[in-house]
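Undergrad: One structure, as structure tokens, below. Some questions next.
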Amino acid sequence: MDDVAIINRDKAGRREVEDALAAAGIRGRVDLVDGGQVESRVRAAINQGARRVIVGGGDGTISSAAGALAGSPAALGLLPLGTLNHFARDLGIPFDLDEAAKVIATGTTRRVDIADVNGRPFV
């Protein structure tokens, strides 16, 4: 299965994400979703065989996606599209959409810790 990009619809448009991913050589579909749908959409992508799920949004969106991906064989690609993007900043992911897509295309996979507070995952 090609990559799946799940983007918080409040953070970016489909076309700009498609263009950035295509320019980086990443093939796959781009789904715009409401923030509350991120976890279920990530789980669906994993169940359909996605090996890399690219998620665009802020720290809350990324944390929801990471919680859904934890323990699965799929990797998380980050498109930092939020306000603060603490997690992406800590990992050195560029905030420019095109540059972040290049990191996903050429970067290496790293293991990170995920925690849970009151039933909500965070990275």
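Residue numbers start at 1 in each chain; chains themselves are named A, B, ... in the order of the structure tokens; ligands are numbered from 1 in the order shown.
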Fewer than 5 positions away in the same chain doesn't count, so skip those; otherwise give me all residues within 10 Å of Asp98 in chain A, counting only C-alpha atoms, as a ChimeraX atom specification.
TA: /A:16-17,19-24,79,103
Undergrad: Find the residues around Arg41 in chain A up to 10 Å (only C-alpha atoms counted), leave out those fewer than 2 positions away in its own chain, and share them as a list of chain:residue names.
TA: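 My list of contacting residues is A:Val4, A:Ala5, A:Ile6, A:Asp31, A:Val33, A:Gly36, A:Gln37, A:Val38, A:Glu39, A:Arg43, A:Ala44, A:Ala45, A:Ile46, A:Asn47, A:Val53, A:Ala65, A:Ala68.
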Undergrad: Go ahead and save the picked residues with C-alpha atoms, as a tab-separated table (two decimals), in the first residue's frame.
TA:
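Resulting contents of result.tsv:
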chain	number	residue	atom	x	y	z
A	4	VAL	CA	-1.44	7.62	3.65
A	5	ALA	CA	-1.38	11.26	4.74
A	6	ILE	CA	-3.95	12.24	7.34
A	31	ASP	CA	-7.18	12.66	3.60
A	33	VAL	CA	-10.09	15.06	8.58
A	36	GLY	CA	-11.39	14.09	16.43
A	37	GLN	CA	-11.14	11.66	13.50
A	38	VAL	CA	-7.34	11.36	13.45
A	39	GLU	CA	-7.04	8.32	15.71
A	43	ARG	CA	-6.03	2.89	12.81
A	44	ALA	CA	-7.92	2.30	9.55
A	45	ALA	CA	-4.77	3.05	7.51
A	46	ILE	CA	-2.78	0.55	9.60
A	47	ASN	CA	-5.51	-2.08	9.17
A	53	VAL	CA	1.27	7.14	7.97
A	65	ALA	CA	-1.80	9.64	15.71
A	68	ALA	CA	-2.95	4.91	17.39
Undergrad: Closest to Ala12 in chain A among A:Leu97, A:Phe122, A:Gly77, A:Ala70, using only C-alpha atoms?
TA: A:Leu97
Undergrad: Quick one: of A:Pro80, A:Gly56, A:Gly49, A:Pro94, who's nearest to Leu32 in chain A, counting only C-alpha atoms?
TA: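 Of A:Pro80, A:Gly56, A:Gly49, A:Pro94, the one nearest Leu32 in chain A, counting only C-alpha atoms, is A:Gly56.
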Undergrad: To one decimal in Å, tell me the separation between CA of Asn118 in chain A and CA of Thr61 in chain A.
TA: 16.7 Å
